[in-house]
file entry_0.cif (mmCIF, C-alpha atoms)
data_target
loop_
_atom_site.label_atom_id
_atom_site.label_comp_id
_atom_site.auth_asym_id
_atom_site.auth_seq_id
_atom_site.Cartn_x
_atom_site.Cartn_y
_atom_site.Cartn_z
CA MET D 1 0.00 0.00 0.00
CA ASN D 2 1.11 3.58 -0.56
CA GLY D 3 1.41 4.26 3.16
CA ALA D 4 3.52 6.53 5.31
CA HIS D 5 5.97 3.66 5.83
CA ASP D 6 7.15 3.89 2.20
CA LEU D 7 9.57 6.70 2.90
CA GLY D 8 12.26 6.53 0.20
CA GLY D 9 12.76 9.99 -1.30
CA MET D 10 10.40 11.91 0.98
CA HIS D 11 11.38 15.50 1.79
CA GLY D 12 10.75 17.76 4.76
CA LEU D 13 11.38 15.29 7.57
CA GLY D 14 14.19 17.32 9.08
CA PRO D 15 17.70 16.33 10.13
CA ILE D 16 18.59 12.80 11.28
CA ASN D 17 20.25 14.01 14.49
CA PRO D 18 21.99 10.72 15.30
CA GLU D 19 22.99 10.21 18.92
CA PRO D 20 26.74 9.57 19.22
CA GLU D 21 27.25 5.82 18.95
CA ARG D 22 29.21 5.46 22.18
CA GLU D 23 26.57 7.36 24.16
CA GLU D 24 23.33 5.92 22.79
CA PRO D 25 21.62 3.45 25.15
CA ILE D 26 20.11 0.29 23.68
CA PHE D 27 16.72 1.30 25.07
CA HIS D 28 15.62 4.84 25.92
CA GLU D 29 12.66 3.95 28.14
CA GLU D 30 11.92 0.97 30.36
CA TRP D 31 8.65 0.31 28.53
CA GLU D 32 10.52 -0.11 25.22
CA LYS D 33 12.14 -3.25 26.63
CA ARG D 34 8.77 -4.75 27.51
CA ALA D 35 7.33 -3.73 24.11
CA LEU D 36 10.17 -5.57 22.36
CA GLY D 37 9.79 -8.65 24.55
CA LEU D 38 6.00 -8.70 24.22
CA THR D 39 6.16 -8.37 20.45
CA LEU D 40 8.61 -11.26 20.15
CA THR D 41 6.93 -13.61 22.64
CA ALA D 42 3.42 -12.89 21.31
CA GLY D 43 4.77 -13.57 17.81
CA TRP D 44 5.90 -17.00 18.98
CA LEU D 45 2.26 -17.92 19.57
CA GLY D 46 2.25 -18.47 15.81
CA GLN D 47 -0.91 -16.49 15.04
CA TRP D 48 0.73 -14.28 12.39
CA ASN D 49 3.90 -13.99 10.29
CA ILE D 50 6.42 -11.20 9.65
CA ASP D 51 4.52 -9.72 6.69
CA ILE D 52 1.24 -9.70 8.58
CA SER D 53 2.93 -7.84 11.42
CA ARG D 54 4.58 -5.35 9.05
CA PHE D 55 1.22 -4.72 7.39
CA ALA D 56 -0.41 -4.10 10.79
CA ARG D 57 2.05 -1.24 11.37
CA GLU D 58 1.81 0.10 7.81
CA ARG D 59 -1.99 0.30 7.92
CA GLN D 60 -2.02 3.00 10.56
CA HIS D 61 -3.10 6.48 9.57
CA PRO D 62 -0.02 8.25 8.14
CA VAL D 63 -0.21 10.91 10.84
CA ALA D 64 -0.07 8.23 13.54
CA TYR D 65 2.69 6.26 11.80
CA LEU D 66 4.94 9.28 11.48
CA SER D 67 4.18 10.71 14.94
CA ASN D 68 4.83 7.44 16.75
CA SER D 69 8.23 6.30 17.89
CA TYR D 70 9.42 2.96 16.55
CA TYR D 71 8.32 1.00 19.60
CA GLU D 72 4.98 2.81 19.65
CA ASN D 73 4.41 1.56 16.11
CA TRP D 74 5.34 -1.94 17.28
CA LEU D 75 2.97 -1.69 20.21
CA THR D 76 0.12 -0.46 18.02
CA GLY D 77 0.76 -3.24 15.52
CA LEU D 78 0.78 -5.82 18.30
CA GLU D 79 -2.52 -4.59 19.78
CA THR D 80 -4.08 -4.67 16.30
CA LEU D 81 -2.95 -8.24 15.62
CA LEU D 82 -3.94 -9.65 19.00
CA VAL D 83 -7.48 -8.34 18.54
CA GLU D 84 -7.82 -9.13 14.81
CA ARG D 85 -6.61 -12.68 15.28
CA GLY D 86 -8.96 -13.21 18.20
CA VAL D 87 -6.19 -13.83 20.72
CA ILE D 88 -7.74 -11.16 22.93
CA SER D 89 -11.03 -9.28 22.62
CA PRO D 90 -11.32 -5.50 22.20
CA GLU D 91 -12.93 -5.40 25.65
CA GLU D 92 -10.03 -7.26 27.20
CA LEU D 93 -7.60 -4.83 25.57
CA ALA D 94 -9.57 -1.84 26.80
CA GLN D 95 -9.87 -3.15 30.36
CA GLY D 96 -6.49 -4.89 30.64
CA LYS D 97 -8.31 -7.86 32.21
CA ALA D 98 -8.99 -11.40 30.98
CA LEU D 99 -12.72 -11.86 30.30
CA LYS D 100 -12.67 -15.24 28.59
CA PRO D 101 -10.50 -18.35 29.00
CA THR D 102 -7.57 -18.98 26.67
CA PRO D 103 -7.81 -22.14 24.53
CA VAL D 104 -5.42 -24.83 25.78
CA GLU D 105 -3.76 -25.21 22.34
CA LEU D 106 -2.79 -21.54 22.46
CA LYS D 107 -1.60 -21.65 26.06
CA GLU D 108 0.68 -24.53 25.14
CA LYS D 109 2.50 -22.24 22.71
CA CYS D 110 3.50 -19.80 25.45
CA ALA D 111 7.32 -19.92 25.46
CA PRO D 112 9.06 -20.43 28.82
CA ALA D 113 12.23 -18.47 29.59
CA SER D 114 14.24 -21.65 29.12
CA ALA D 115 13.22 -21.78 25.43
CA VAL D 116 14.23 -18.19 24.57
CA GLN D 117 17.89 -18.74 23.66
CA SER D 118 17.10 -21.60 21.35
CA ILE D 119 14.22 -19.73 19.65
CA LEU D 120 16.32 -16.59 19.13
CA SER D 121 19.36 -18.44 17.85
CA SER D 122 17.41 -20.59 15.41
CA GLY D 123 15.44 -17.66 13.96
CA GLY D 124 13.02 -18.21 11.11
CA PRO D 125 14.56 -18.86 7.71
CA CYS D 126 12.42 -17.51 4.84
CA ASP D 127 13.71 -19.46 1.87
CA MET D 128 11.13 -21.69 0.18
CA ALA D 129 11.30 -23.87 -2.91
CA THR D 130 9.33 -23.08 -6.07
CA ASP D 131 8.58 -24.82 -9.35
CA ASP D 132 8.59 -21.46 -11.17
CA LEU D 133 11.14 -21.02 -13.91
CA GLN D 134 13.94 -18.58 -13.03
CA GLU D 135 13.17 -15.87 -15.58
CA PHE D 136 16.13 -13.53 -15.05
CA GLN D 137 19.90 -13.92 -15.03
CA ILE D 138 22.61 -11.67 -13.63
CA GLY D 139 23.16 -8.81 -16.08
CA ASP D 140 19.59 -8.81 -17.43
CA LYS D 141 17.83 -5.46 -17.83
CA ILE D 142 14.45 -5.38 -16.13
CA LYS D 143 11.61 -2.96 -15.60
CA VAL D 144 9.79 -2.82 -12.27
CA VAL D 145 6.05 -3.22 -12.75
CA GLN D 146 3.97 -0.10 -12.36
CA PHE D 147 1.31 -0.88 -9.79
CA ASN D 148 -0.34 0.56 -6.70
CA PRO D 149 -1.55 -2.37 -4.60
CA THR D 150 -3.66 -1.49 -1.56
CA GLY D 151 -2.29 -4.53 0.28
CA HIS D 152 1.20 -5.28 1.59
CA THR D 153 4.08 -5.24 -0.88
CA ARG D 154 7.86 -4.88 -0.68
CA VAL D 155 8.20 -2.73 -3.81
CA PRO D 156 8.91 0.82 -2.68
CA ARG D 157 7.22 3.53 -4.75
CA TYR D 158 10.49 5.17 -5.75
CA ILE D 159 11.46 2.34 -8.12
CA ARG D 160 8.08 1.42 -9.65
CA GLY D 161 8.11 1.69 -13.43
CA HIS D 162 11.89 2.20 -13.47
CA GLU D 163 14.51 0.15 -15.26
CA GLY D 164 17.25 -1.68 -13.42
CA MET D 165 19.74 -4.49 -13.83
CA ILE D 166 19.85 -7.89 -12.09
CA THR D 167 23.03 -8.02 -9.99
CA ASN D 168 22.42 -11.12 -7.89
CA TYR D 169 20.15 -14.13 -7.62
CA TYR D 170 19.45 -15.33 -4.06
CA GLY D 171 17.28 -18.41 -4.64
CA SER D 172 13.56 -18.62 -3.89
CA PHE D 173 11.97 -17.05 -0.83
CA ILE D 174 8.50 -16.63 0.70
CA PHE D 175 6.60 -14.03 -1.32
CA PRO D 176 5.45 -11.18 1.00
CA ASP D 177 2.42 -10.01 -1.01
CA GLU D 178 0.85 -13.48 -0.52
CA ASN D 179 2.36 -14.25 2.88
CA VAL D 180 0.38 -11.32 4.28
CA GLN D 181 -2.76 -13.32 3.35
CA ASP D 182 -1.42 -16.36 5.21
CA ASN D 183 -0.54 -17.93 1.88
CA LYS D 184 3.05 -19.17 1.85
CA ILE D 185 4.53 -19.56 -1.63
CA GLY D 186 8.13 -19.49 -2.77
CA GLN D 187 9.23 -17.14 -5.54
CA HIS D 188 12.61 -16.30 -7.08
CA LEU D 189 14.37 -13.38 -5.41
CA TYR D 190 16.98 -11.12 -6.97
CA ASN D 191 19.07 -8.07 -6.17
CA VAL D 192 18.58 -5.29 -8.70
CA SER D 193 20.64 -2.13 -9.21
CA PHE D 194 19.21 1.23 -10.22
CA ASP D 195 21.00 4.33 -11.48
CA GLY D 196 20.56 7.30 -9.14
CA ASN D 197 20.40 9.65 -12.14
CA GLN D 198 17.37 7.78 -13.43
CA LEU D 199 15.56 7.55 -10.10
CA TRP D 200 16.28 11.02 -8.76
CA GLY D 201 17.41 13.15 -11.68
CA LYS D 202 20.70 14.20 -13.21
CA GLY D 203 23.69 14.67 -10.94
CA ASN D 204 22.87 11.79 -8.60
CA ASP D 205 25.77 9.48 -9.40
CA THR D 206 24.93 6.78 -6.86
CA THR D 207 23.76 3.21 -7.34
CA ILE D 208 20.74 1.96 -5.42
CA HIS D 209 20.35 -1.79 -4.83
CA VAL D 210 16.91 -3.21 -4.07
CA ASP D 211 15.87 -6.84 -3.48
CA LEU D 212 12.94 -7.78 -5.75
CA TRP D 213 10.85 -10.91 -6.20
CA GLN D 214 10.38 -12.14 -9.76
CA SER D 215 6.75 -11.09 -10.22
CA TYR D 216 7.69 -7.48 -9.36
CA MET D 217 9.60 -7.30 -12.66
CA GLU D 218 9.28 -7.69 -16.41
CA PRO D 219 12.04 -7.80 -19.05
CA ALA D 220 13.09 -4.26 -20.11
CA MET W 221 -5.18 -0.13 16.37
CA GLY W 222 -7.16 -1.89 13.69
CA HIS W 223 -10.61 -0.94 14.97
CA ASP W 224 -12.70 1.76 13.32
CA HIS W 225 -11.66 5.15 14.52
CA SER W 226 -14.49 7.52 15.12
CA HIS W 227 -12.22 10.10 16.68
CA ASP W 228 -9.64 12.36 15.09
CA HIS W 229 -6.49 10.47 14.16
CA THR W 230 -4.32 13.23 15.51
CA ASP W 231 -5.50 12.59 19.09
CA PRO W 232 -2.44 12.03 21.22
CA PRO W 233 -2.19 8.31 22.01
CA SER W 234 -2.27 7.31 25.65
CA ASP W 235 1.02 6.90 27.45
CA PRO W 236 2.81 3.93 25.85
CA ALA W 237 4.31 2.94 29.20
CA LEU W 238 0.81 2.40 30.61
CA ARG W 239 -0.39 0.62 27.47
CA VAL W 240 2.55 -1.80 27.55
CA LYS W 241 2.08 -2.48 31.23
CA ALA W 242 -1.63 -3.17 30.79
CA LEU W 243 -1.03 -5.39 27.76
CA GLU W 244 1.68 -7.41 29.48
CA SER W 245 -0.47 -7.97 32.54
CA LEU W 246 -3.39 -9.05 30.34
CA LEU W 247 -1.29 -11.48 28.30
CA VAL W 248 0.30 -12.94 31.42
CA GLU W 249 -3.12 -13.37 33.05
CA LYS W 250 -4.30 -15.17 29.91
CA GLY W 251 -1.30 -17.48 30.02
CA LEU W 252 0.00 -16.25 26.66
CA VAL W 253 3.33 -14.75 27.59
CA ASN W 254 5.85 -15.41 30.31
CA PRO W 255 7.47 -12.34 31.95
CA ALA W 256 10.68 -14.29 32.57
CA ALA W 257 10.90 -15.02 28.84
CA ILE W 258 10.64 -11.29 28.17
CA ASP W 259 13.42 -10.64 30.72
CA GLU W 260 15.56 -13.21 28.92
CA ILE W 261 15.02 -11.50 25.55
CA ILE W 262 15.95 -8.11 26.98
CA GLU W 263 19.07 -9.46 28.63
CA THR W 264 20.11 -11.14 25.39
CA TYR W 265 20.05 -7.90 23.40
CA GLU W 266 21.50 -5.83 26.24
CA THR W 267 24.45 -8.08 26.98
CA LYS W 268 24.98 -10.83 24.39
CA VAL W 269 23.89 -9.90 20.89
CA GLY W 270 25.31 -6.58 19.71
CA PRO W 271 27.75 -4.83 17.35
CA ARG W 272 30.79 -6.45 19.00
CA ASN W 273 29.73 -9.62 17.14
CA GLY W 274 29.94 -7.76 13.84
CA ALA W 275 33.29 -6.24 14.79
CA LYS W 276 34.69 -9.74 15.34
CA VAL W 277 33.48 -10.77 11.88
CA VAL W 278 35.08 -7.69 10.30
CA VAL W 279 38.41 -8.11 12.06
CA ARG W 280 38.58 -11.74 11.09
CA ALA W 281 38.01 -10.71 7.47
CA TRP W 282 40.77 -8.09 7.79
CA THR W 283 43.25 -10.63 9.11
CA ASP W 284 42.28 -13.91 7.40
CA PRO W 285 42.06 -13.79 3.56
CA ASP W 286 40.34 -17.18 3.31
CA PHE W 287 37.66 -16.11 5.76
CA LYS W 288 37.19 -12.83 3.89
CA SER W 289 36.70 -14.60 0.61
CA LEU W 290 34.13 -16.94 2.20
CA LEU W 291 32.42 -13.98 3.89
CA LEU W 292 31.96 -12.19 0.56
CA SER W 293 30.86 -15.28 -1.37
CA ASP W 294 28.78 -17.03 1.32
CA ALA W 295 28.15 -14.69 4.25
CA ASN W 296 25.72 -17.12 5.88
CA LYS W 297 28.31 -19.85 6.09
CA ALA W 298 31.06 -17.52 7.30
CA ILE W 299 28.99 -15.68 9.92
CA HIS W 300 27.09 -18.72 11.14
CA SER W 301 30.42 -20.54 11.57
CA MET W 302 31.32 -17.94 14.21
CA GLY W 303 28.15 -18.82 16.12
CA TYR W 304 26.19 -15.72 15.14
CA THR W 305 22.94 -17.31 14.06
CA GLY W 306 19.28 -16.61 14.51
CA ARG W 307 16.59 -13.99 14.38
CA GLN W 308 17.13 -11.25 11.78
CA GLY W 309 20.38 -12.82 10.62
CA GLU W 310 19.05 -15.93 8.90
CA HIS W 311 20.03 -14.66 5.44
CA MET W 312 23.14 -12.49 5.28
CA LYS W 313 25.01 -10.64 2.58
CA VAL W 314 28.25 -8.72 3.15
CA VAL W 315 29.19 -5.78 0.93
CA GLU W 316 32.82 -4.66 0.82
CA ASN W 317 34.11 -1.10 0.95
CA THR W 318 37.20 -0.54 -1.15
CA ALA W 319 39.38 2.39 -2.20
CA THR W 320 36.82 3.21 -4.90
CA GLN W 321 33.53 1.87 -3.52
CA HIS W 322 31.51 2.82 -0.42
CA ASN W 323 28.37 1.01 0.74
CA LEU W 324 25.46 2.21 2.85
CA VAL W 325 22.57 0.14 4.25
CA VAL W 326 18.98 1.26 4.88
CA CYS W 327 15.47 -0.17 5.07
CA THR W 328 13.14 2.41 3.54
CA LEU W 329 9.97 0.35 4.18
CA CYS W 330 10.52 -0.58 7.84
CA SER W 331 13.72 -1.06 9.82
CA CYS W 332 15.27 -4.34 8.69
CA TYR W 333 18.68 -4.72 10.31
CA PRO W 334 21.13 -7.59 10.90
CA TRP W 335 20.41 -8.24 14.59
CA THR W 336 22.74 -11.24 14.97
CA VAL W 337 25.82 -9.17 14.18
CA LEU W 338 24.75 -5.61 15.10
CA GLY W 339 22.11 -6.10 17.81
CA LEU W 340 19.06 -3.86 17.90
CA PRO W 341 19.06 -0.89 15.51
CA PRO W 342 19.82 2.62 16.82
CA VAL W 343 16.99 5.17 16.88
CA TRP W 344 18.36 7.12 13.91
CA TYR W 345 18.41 4.02 11.68
CA LYS W 346 14.67 3.57 12.32
CA SER W 347 13.91 7.28 11.92
CA ALA W 348 11.89 8.70 9.03
CA PRO W 349 14.55 11.21 7.86
CA TYR W 350 17.22 8.50 7.53
CA ARG W 351 14.90 6.09 5.74
CA ALA W 352 13.72 8.86 3.41
CA ARG W 353 17.09 10.28 2.41
CA ALA W 354 19.56 7.40 2.49
CA VAL W 355 18.37 6.33 -0.97
CA SER W 356 17.90 9.76 -2.55
CA ASP W 357 20.71 11.79 -0.96
CA PRO W 358 23.30 9.44 0.54
CA LYS W 359 26.05 12.07 0.39
CA GLY W 360 23.92 14.46 2.43
CA VAL W 361 23.21 11.68 4.93
CA LEU W 362 26.91 10.82 5.24
CA ALA W 363 27.69 14.50 5.82
CA GLU W 364 25.28 14.49 8.78
CA PHE W 365 27.45 11.79 10.33
CA GLY W 366 30.55 13.86 9.65
CA THR W 367 31.63 11.49 6.90
CA THR W 368 33.19 12.86 3.74
CA LEU W 369 34.45 10.40 1.17
CA PRO W 370 37.42 10.95 -1.12
CA LYS W 371 36.50 12.48 -4.47
CA GLY W 372 35.56 9.90 -7.06
CA MET W 373 34.52 7.28 -4.49
CA LYS W 374 31.38 5.53 -5.76
CA ILE W 375 28.44 5.05 -3.43
CA SER W 376 26.07 2.08 -3.43
CA VAL W 377 22.99 2.10 -1.22
CA TRP W 378 21.40 -1.20 -0.20
CA ASP W 379 17.67 -0.99 0.54
CA SER W 380 16.70 -4.04 2.64
CA THR W 381 13.36 -4.89 1.02
CA SER W 382 13.59 -8.68 1.43
CA GLU W 383 14.68 -10.90 4.33
CA MET W 384 18.31 -10.56 3.20
CA ARG W 385 20.27 -8.60 5.81
CA PHE W 386 23.29 -6.52 4.81
CA LEU W 387 26.53 -5.93 6.68
CA VAL W 388 29.17 -3.50 5.39
CA LEU W 389 32.78 -4.68 5.53
CA PRO W 390 34.64 -1.41 6.14
CA GLN W 391 38.18 -0.80 4.90
CA ARG W 392 40.96 -1.57 7.34
CA PRO W 393 42.47 1.76 8.43
CA GLU W 394 46.09 2.49 7.61
CA GLY W 395 48.72 2.39 10.32
CA THR W 396 47.32 -0.77 11.92
CA ASP W 397 49.89 -3.32 10.79
CA GLY W 398 50.70 -5.79 13.53
CA TRP W 399 47.71 -4.84 15.68
CA THR W 400 46.06 -7.64 17.64
CA ALA W 401 42.46 -8.63 16.89
CA GLU W 402 41.38 -7.07 20.17
CA GLU W 403 42.97 -3.73 19.24
CA LEU W 404 41.51 -3.81 15.74
CA GLU W 405 37.99 -4.49 17.03
CA LYS W 406 38.00 -1.12 18.77
CA LEU W 407 38.25 0.55 15.36
CA VAL W 408 35.15 -1.18 14.02
CA SER W 409 32.27 1.05 15.03
CA ARG W 410 28.71 -0.09 14.59
CA ASN W 411 28.18 2.86 12.25
CA SER W 412 31.02 1.69 10.00
CA MET W 413 29.21 -1.63 9.54
CA ILE W 414 26.03 0.21 8.47
CA GLY W 415 28.11 2.42 6.21
CA VAL W 416 27.36 5.89 7.58
CA GLU W 417 30.96 6.15 8.75
CA GLN W 418 34.29 4.57 7.92
CA ALA W 419 36.19 2.49 10.47
CA LEU W 420 37.93 4.67 13.06
CA THR W 421 41.53 5.62 12.37
CA PRO W 422 44.01 4.98 15.20
CA GLU W 423 44.19 8.75 15.73
CA LYS W 424 40.43 9.11 15.95
CA LEU W 425 40.14 6.25 18.43
CA GLN W 426 42.87 7.81 20.57
CA ALA W 427 41.07 11.16 20.56
CA ILE W 428 37.75 9.55 21.52
CA GLU W 429 39.28 7.51 24.32
CA ALA W 430 41.17 10.52 25.68
CA ASN W 431 37.94 12.49 25.68
CA GLU W 432 36.06 9.72 27.48
CA LYS W 433 38.56 9.76 30.35
CA PHE W 434 37.37 13.21 31.44
#
call {"tool": "encode", "arguments": {"input": "entry_0.cif", "output": "structure tokens"}}
result
Amino acid sequence: MNGAHDLGGMHGLGPINPEPEREEPIFHEEWEKRALGLTLTAGWLGQWNIDISRFARERQHPVAYLSNSYYENWLTGLETLLVERGVISPEELAQGKALKPTPVELKEKCAPASAVQSILSSGGPCDMATDDLQEFQIGDKIKVVQFNPTGHTRVPRYIRGHEGMITNYYGSFIFPDENVQDNKIGQHLYNVSFDGNQLWGKGNDTTIHVDLWQSYMEPA
Amino acid sequence: MGHDHSHDHTDPPSDPALRVKALESLLVEKGLVNPAAIDEIIETYETKVGPRNGAKVVVRAWTDPDFKSLLLSDANKAIHSMGYTGRQGEHMKVVENTATQHNLVVCTLCSCYPWTVLGLPPVWYKSAPYRARAVSDPKGVLAEFGTTLPKGMKISVWDSTSEMRFLVLPQRPEGTDGWTAEELEKLVSRNSMIGVEQALTPEKLQAIEANEKF
């Protein structure tokens, strides 16, 4: 969707103001730690995937998305998912109190502290086989499809309709635009380079590399 | 939240600290999350998984040509062999800075970041201005970090739109021949592995450390 999250090329957002690396704390507020931990542990209940959780954050009103801090966006996304997936009810969220029992199958997925290291260090690989033919080879010229999907996609607006060149082939990976609908399919994934002059106008002599799934592209 | 808003979207949200507290207590009451598991996650990213992991990878590449060549051709194999596996580091790609090529990493659509080697991302990496301008004005972004590159140096920006996570291999600074791995690691800042800075020179490190003593 063309949401506030798709930020590449936007103007007027002010300076970056980075904190000096050796002074910046890992967390700035105590609640940020709990928000991180809650997001991860609730994710391990297996009621949604990474693209569903990204889409929950992206769907916020642009004013909210841009006003929120990073962890506020995470928290909002988590509240949305817990309610939408029926893990908690809107009333329970509003009152902060359990009003109905949790199904046993769901309770069984609650990770104990002793499982955390193994879950974190195994992660969740996203490669997935496909029977699709690999349509592009390194060096091929491609054109990014021009489209404006209202759902979740990983094609930023700033490259749509532009020409680029395949610079790497990664194998096949879970396709986000379908994964967001709980439909896991593998699709070929490539790295594609774009000329800064073409994307941003003359005088921009940089190269921009973007990872793109096969169906995001057509031969140039 | 995903419910229908009947109020103005610009209403200030309630205090996130209270919201988090209420949500955690609800989920614990419902038997869905374990507070000790959350503590364990926090401790992991505060004390175990951070940019010192990445610095060890970089220094090994600076000092071991075989490892460097594996790192650039099969980053997964190289990095996982050092024990840095897991969440947000399942699929890795390393891009090398050279005398003529500089690399910069961003995620314009969210905040994808290689957690296994760099830990949790800094606030600026997740900020809207960085995500907006890293792709359209990387030189301006570098200038905000006090980084100026030699004339003629080419810049490549890597936008993390898939589950591939990028780590920059910075150039080894001059004047570091014969340094131990431990000494070299001090030169590898987190920012140099994102590409907004170059690795610290011995002089710069000395100046920073002298300053930190006061």
call {"tool": "interface_residues", "arguments": {"input": "entry_0.cif", "of": "chain W", "to": "chain D", "cutoff": "6 Å", "atoms": "all atoms listed in the file", "output": "VMD selection string"}}
result
chain W and resid 221 to 222 237 242 246 250 to 253 256 to 258 305 to 307 310 328 to 329 344 349 to 350 352 to 353 356 375 to 379 381 to 382
call {"tool": "residues_near_point", "arguments": {"input": "entry_0.cif", "point": "(22.8, -12.2, 11.3)", "cutoff": "12 Å", "atoms": "all atoms listed in the file", "output": "VMD selection string"}}
result
(chain D and resid 120 to 125) or (chain W and resid 269 to 271 273 to 274 277 295 to 314 332 to 340 383 to 387)
call {"tool": "resolve_selection", "arguments": {"input": "entry_0.cif", "expression": "the PyMOL selection byres ((chain W and resi 288) around 12)", "output": "list in words"}}
result
Val277, Val278, Val279, Arg280, Ala281, Trp282, Thr283, Asp284, Pro285, Asp286, Phe287, Ser289, Leu290, Leu291, Leu292, Ser293, Asp294, Ala295, Lys297, Ala298, Ile299, Val314, Val315, Glu316, Leu389 and Pro390 of chain W
call {"tool": "atom_distance", "arguments": {"input": "entry_0.cif", "atom1": "atom CA of Lys346 of chain W", "atom2": "atom CA of Arg392 of chain W"}}
result
27.2 Å
call {"tool": "residues_around", "arguments": {"input": "entry_0.cif", "residues": "Lys374 of chain W", "least_positions_apart": "3", "cutoff": "7 Å", "atoms": "all atoms listed in the file", "output": "PyMOL selection string"}}
result
(chain D and resi 206) or (chain W and resi 320-322)
call {"tool": "write_last_selection", "arguments": {"input": "entry_0.cif", "atoms": "C-alpha atoms", "output": "PDB file, in the frame of the given file"}}
result
ATOM      1  CA  THR D 206      24.930   6.780  -6.860  1.00  0.00           C
TER       2      THR D 206
ATOM      3  CA  THR W 320      36.820   3.210  -4.900  1.00  0.00           C
ATOM      4  CA  GLN W 321      33.530   1.870  -3.520  1.00  0.00           C
ATOM      5  CA  HIS W 322      31.510   2.820  -0.420  1.00  0.00           C
TER       6      HIS W 322
END
call {"tool": "residues_around", "arguments": {"input": "entry_0.cif", "residues": "Val388 of chain W", "least_positions_apart": "3", "cutoff": "8 Å", "atoms": "only C-alpha atoms", "output": "list in words"}}
result
Val314, Val315, Glu316, Asn317, Asn323, Leu324, Val325, Ser412, Met413, Ile414 and Gly415 of chain W
call {"tool": "write_last_selection", "arguments": {"input": "entry_0.cif", "atoms": "C-alpha atoms", "output": "mmCIF file, in the coordinates of the input"}}
result
data_model
loop_
_atom_site.group_PDB
_atom_site.id
_atom_site.type_symbol
_atom_site.label_atom_id
_atom_site.label_comp_id
_atom_site.auth_asym_id
_atom_site.auth_seq_id
_atom_site.Cartn_x
_atom_site.Cartn_y
_atom_site.Cartn_z
ATOM 1 C CA VAL W 314 28.250 -8.720 3.150
ATOM 2 C CA VAL W 315 29.190 -5.780 0.930
ATOM 3 C CA GLU W 316 32.820 -4.660 0.820
ATOM 4 C CA ASN W 317 34.110 -1.100 0.950
ATOM 5 C CA ASN W 323 28.370 1.010 0.740
ATOM 6 C CA LEU W 324 25.460 2.210 2.850
ATOM 7 C CA VAL W 325 22.570 0.140 4.250
ATOM 8 C CA SER W 412 31.020 1.690 10.000
ATOM 9 C CA MET W 413 29.210 -1.630 9.540
ATOM 10 C CA ILE W 414 26.030 0.210 8.470
ATOM 11 C CA GLY W 415 28.110 2.420 6.210
#
call {"tool": "atom_distance", "arguments": {"input": "entry_0.cif", "atom1": "atom CA of Gly164 of chain D", "atom2": "atom CA of Asn148 of chain D"}}
result
19.0 Å
call {"tool": "closest_residue", "arguments": {"input": "entry_0.cif", "among": "W:Leu362, W:Ala401, W:Val343, W:Ala430", "to": "Val416 of chain W", "atoms": "all atoms listed in the file"}}
result
W:Leu362
call {"tool": "atom_distance", "arguments": {"input": "entry_0.cif", "atom1": "atom CA of Gln198 of chain D", "atom2": "atom CA of Lys359 of chain W"}}
result
16.9 Å
